[in-house]
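Engineer: The structure under discussion is supplied below as structure tokens; questions concerning it will follow.
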Amino acid sequence: MVPASGSLVFFLPGPGEGGPSQSERRVSTVFSMPAQFEAWLRVKHGSSPLGALISFQTTVVLSGVQARVTFRSRASKTERPLGEVAMQLPLVPSAQRMVRPGHSLRGVPRARITLRLMDREGRPLSHPHEFGEVTDGVHEADIPFSVDTTVVLWMTALDWSERRGPRVRVSGELIFTKGLDARLDLHPAGGGGESANDGTQVQLIGPGTTLYSAEKTLEGSIPGSSWVSIEFIDSEGRPIGDEVLVGRCVAV
């Protein structure tokens, strides 16, 4: 272990290892995350002259994202000889479900309903989904789309030994940078493309909403594995951006 009197930091490569140093590093990348949108419209009193009562329930199913943390004996994975150990940890589990609060609409006139997904800036995230004419019963939709996010990994140096290398603490965040809205548009039941009214727009995920992953402690497990790198990967194991060198973990 590192003596209690020492401080542990990450050194970035530089002349004579004189580059910048930090005890905590933040690594991030932008990610257009594939997701699935599940919606249920429950319609009551569709033939009433006072208009229908509609209950709107939604769930967002995320594809997930992971981080690969690699401990190496040297800074560059192209150098030889090279000892390394890599660990993969989920930041957002695959198929994580975000159940959104329900919404109710009253006095909805006889009309056709379409559903659109968009971000807070109004950019469409999916093709319009046609529910059809308002009739009593349950109407379902299952819509694939992608949502803009920022993936963040925080890494803090804890201690280090020559026998097993560094021990670090990591935690992750998924930030929805532009949010997610659903818009229900009402069109005349008899046909035509014009809207019967302005419809209604529902905020499902506000901009800046953040999911947090639990803190985990990792260690290199091989002698001299002082260099630490991070790479984000999607649910299919494909890299998201380039691998980032966090630095060399040393006591100062």
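Starting from 1 in every chain, residues are counted up; chains themselves are A, B, ... following the order of the structure tokens, and ligands are numbered from 1 as listed.
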Could you pull the residues within 6 Å of A:Ser171, counting only C-alpha atoms, minus those fewer than 4 positions along the same chain, as a VMD selection string?
Structural biologist: chain A and resid 153 to 154 213 to 215
Engineer: Take the residues from that selection and put them in a file with N, CA, C and O atoms, as a compact mmCIF listing (two decimals), in the first residue's frame.
Structural biologist:
```txt
# COMPACT_ATOMS: atom_id res chain seq x y z
N LEU A 153 -17.59 9.09 -16.72
CA LEU A 153 -16.99 8.21 -15.73
C LEU A 153 -16.04 9.03 -14.87
O LEU A 153 -15.18 9.74 -15.38
N TRP A 154 -16.23 8.94 -13.56
CA TRP A 154 -15.34 9.58 -12.59
C TRP A 154 -14.41 8.51 -12.03
O TRP A 154 -14.84 7.44 -11.64
N SER A 213 -24.63 5.59 -11.66
CA SER A 213 -24.27 4.20 -11.37
C SER A 213 -23.55 4.14 -10.03
O SER A 213 -22.91 5.10 -9.61
N ALA A 214 -23.65 3.01 -9.38
CA ALA A 214 -23.04 2.85 -8.06
C ALA A 214 -21.52 2.88 -8.15
O ALA A 214 -20.92 2.48 -9.16
N GLU A 215 -20.90 3.37 -7.08
CA GLU A 215 -19.44 3.39 -7.03
C GLU A 215 -18.90 1.96 -6.96
O GLU A 215 -19.48 1.09 -6.32
```
Engineer: Quick one: residues within 10 Å of A:Ser221, only C-alpha atoms, excluding same-chain residues fewer than 3 positions away - as a PyMOL selection string?
Structural biologist: chain A and resi 71+84-85+161+163-167+218+224-225
Engineer: Determine, counting only C-alpha atoms, which protein, DNA and RNA residues have an atom within 12 Å of an atom of A:Arg25; residues of the same chain fewer than 6 positions away are not included. Present the result as a PyMOL selection string.
Structural biologist: chain A and resi 9-12+152-157+168-172+228-230+244-249
Engineer: With N, CA, C and O atoms retained, export the selected residues as an mmCIF file, in the first residue's frame.
Structural biologist:
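The result, written out as selection.cif:
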```cif
data_model
loop_
_atom_site.group_PDB
_atom_site.id
_atom_site.type_symbol
_atom_site.label_atom_id
_atom_site.label_comp_id
_atom_site.auth_asym_id
_atom_site.auth_seq_id
_atom_site.Cartn_x
_atom_site.Cartn_y
_atom_site.Cartn_z
ATOM 1 N N VAL A 9 -1.916 10.428 -7.265
ATOM 2 C CA VAL A 9 -2.418 11.234 -8.372
ATOM 3 C C VAL A 9 -2.245 10.466 -9.674
ATOM 4 O O VAL A 9 -1.514 9.483 -9.750
ATOM 5 N N PHE A 10 -2.945 10.951 -10.714
ATOM 6 C CA PHE A 10 -2.747 10.468 -12.078
ATOM 7 C C PHE A 10 -1.874 11.475 -12.817
ATOM 8 O O PHE A 10 -2.238 12.645 -12.943
ATOM 9 N N PHE A 11 -0.729 11.027 -13.309
ATOM 10 C CA PHE A 11 0.124 11.852 -14.149
ATOM 11 C C PHE A 11 -0.188 11.561 -15.606
ATOM 12 O O PHE A 11 -0.239 10.401 -16.021
ATOM 13 N N LEU A 12 -0.381 12.604 -16.389
ATOM 14 C CA LEU A 12 -0.509 12.441 -17.832
ATOM 15 C C LEU A 12 0.877 12.444 -18.464
ATOM 16 O O LEU A 12 1.806 13.045 -17.920
ATOM 17 N N VAL A 152 -20.491 9.775 -18.614
ATOM 18 C CA VAL A 152 -19.406 10.291 -17.777
ATOM 19 C C VAL A 152 -18.906 9.179 -16.860
ATOM 20 O O VAL A 152 -19.708 8.423 -16.292
ATOM 21 N N LEU A 153 -17.594 9.088 -16.720
ATOM 22 C CA LEU A 153 -16.990 8.207 -15.731
ATOM 23 C C LEU A 153 -16.045 9.035 -14.867
ATOM 24 O O LEU A 153 -15.175 9.741 -15.383
ATOM 25 N N TRP A 154 -16.233 8.945 -13.556
ATOM 26 C CA TRP A 154 -15.337 9.577 -12.591
ATOM 27 C C TRP A 154 -14.406 8.515 -12.027
ATOM 28 O O TRP A 154 -14.841 7.436 -11.643
ATOM 29 N N MET A 155 -13.100 8.823 -11.939
ATOM 30 C CA MET A 155 -12.128 7.884 -11.387
ATOM 31 C C MET A 155 -11.263 8.599 -10.357
ATOM 32 O O MET A 155 -10.709 9.670 -10.629
ATOM 33 N N THR A 156 -11.162 7.993 -9.175
ATOM 34 C CA THR A 156 -10.358 8.540 -8.083
ATOM 35 C C THR A 156 -9.292 7.526 -7.686
ATOM 36 O O THR A 156 -9.596 6.340 -7.494
ATOM 37 N N ALA A 157 -8.050 7.977 -7.547
ATOM 38 C CA ALA A 157 -6.958 7.110 -7.111
ATOM 39 C C ALA A 157 -7.050 6.899 -5.602
ATOM 40 O O ALA A 157 -7.138 7.862 -4.840
ATOM 41 N N VAL A 168 -8.433 1.909 -7.629
ATOM 42 C CA VAL A 168 -9.168 3.131 -7.959
ATOM 43 C C VAL A 168 -10.651 2.954 -7.657
ATOM 44 O O VAL A 168 -11.171 1.835 -7.637
ATOM 45 N N ARG A 169 -11.308 4.083 -7.442
ATOM 46 C CA ARG A 169 -12.771 4.098 -7.272
ATOM 47 C C ARG A 169 -13.391 4.735 -8.506
ATOM 48 O O ARG A 169 -12.927 5.791 -8.963
ATOM 49 N N VAL A 170 -14.428 4.109 -9.066
ATOM 50 C CA VAL A 170 -15.081 4.637 -10.266
ATOM 51 C C VAL A 170 -16.582 4.744 -10.031
ATOM 52 O O VAL A 170 -17.175 3.975 -9.275
ATOM 53 N N SER A 171 -17.185 5.733 -10.676
ATOM 54 C CA SER A 171 -18.643 5.894 -10.687
ATOM 55 C C SER A 171 -19.022 6.524 -12.011
ATOM 56 O O SER A 171 -18.209 7.178 -12.662
ATOM 57 N N GLY A 172 -20.269 6.309 -12.440
ATOM 58 C CA GLY A 172 -20.683 6.778 -13.759
ATOM 59 C C GLY A 172 -21.964 7.590 -13.731
ATOM 60 O O GLY A 172 -22.737 7.543 -12.763
ATOM 61 N N VAL A 228 -3.596 3.746 -16.515
ATOM 62 C CA VAL A 228 -5.030 3.427 -16.525
ATOM 63 C C VAL A 228 -5.685 4.129 -17.706
ATOM 64 O O VAL A 228 -5.451 5.316 -17.951
ATOM 65 N N SER A 229 -6.521 3.378 -18.459
ATOM 66 C CA SER A 229 -7.256 3.925 -19.603
ATOM 67 C C SER A 229 -8.729 3.561 -19.485
ATOM 68 O O SER A 229 -9.093 2.580 -18.828
ATOM 69 N N ILE A 230 -9.572 4.351 -20.161
ATOM 70 C CA ILE A 230 -11.019 4.129 -20.152
ATOM 71 C C ILE A 230 -11.531 4.160 -21.584
ATOM 72 O O ILE A 230 -11.137 5.018 -22.389
ATOM 73 N N VAL A 244 -9.444 6.605 -23.817
ATOM 74 C CA VAL A 244 -8.864 7.793 -23.188
ATOM 75 C C VAL A 244 -7.871 7.349 -22.117
ATOM 76 O O VAL A 244 -8.203 6.537 -21.241
ATOM 77 N N LEU A 245 -6.677 7.884 -22.183
ATOM 78 C CA LEU A 245 -5.661 7.609 -21.169
ATOM 79 C C LEU A 245 -5.916 8.501 -19.950
ATOM 80 O O LEU A 245 -5.831 9.728 -20.040
ATOM 81 N N VAL A 246 -6.237 7.881 -18.835
ATOM 82 C CA VAL A 246 -6.464 8.636 -17.602
ATOM 83 C C VAL A 246 -5.132 9.130 -17.043
ATOM 84 O O VAL A 246 -5.015 10.268 -16.581
ATOM 85 N N GLY A 247 -4.110 8.278 -17.094
ATOM 86 C CA GLY A 247 -2.792 8.679 -16.633
ATOM 87 C C GLY A 247 -2.099 7.563 -15.865
ATOM 88 O O GLY A 247 -2.608 6.443 -15.735
ATOM 89 N N ARG A 248 -0.932 7.891 -15.356
ATOM 90 C CA ARG A 248 -0.156 6.959 -14.543
ATOM 91 C C ARG A 248 -0.427 7.254 -13.069
ATOM 92 O O ARG A 248 -0.296 8.386 -12.609
ATOM 93 N N CYS A 249 -0.823 6.225 -12.344
ATOM 94 C CA CYS A 249 -1.185 6.383 -10.941
ATOM 95 C C CYS A 249 0.079 6.237 -10.083
ATOM 96 O O CYS A 249 0.691 5.152 -10.037
#
```
Engineer: Nearest residue to A:Glu173 out of A:Gln66, A:Glu219, A:Ile113, A:Pro239, using only C-alpha atoms?
Structural biologist: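 Looking at the shortest contact to A:Glu173, the residue is A:Gln66.
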Engineer: Identify which of the residues A:Asp234, A:Asp148, A:Asp142, A:Glu24 lies closest to A:Pro90, counting only C-alpha atoms when measuring atom-to-atom distances.
Structural biologist: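 So, comparing all the options, the nearest one is A:Asp234.
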Engineer: Please give the complete set of residues from stretch 120-251 of chain A that DSSP, run on the backbone, assigns to strand (DSSP E or B), formatted as a PyMOL selection string.
Structural biologist: chain A and resi 124+129-133+137-161+165-176+180-188+200-205+210-212+216-219+227-234+239-251
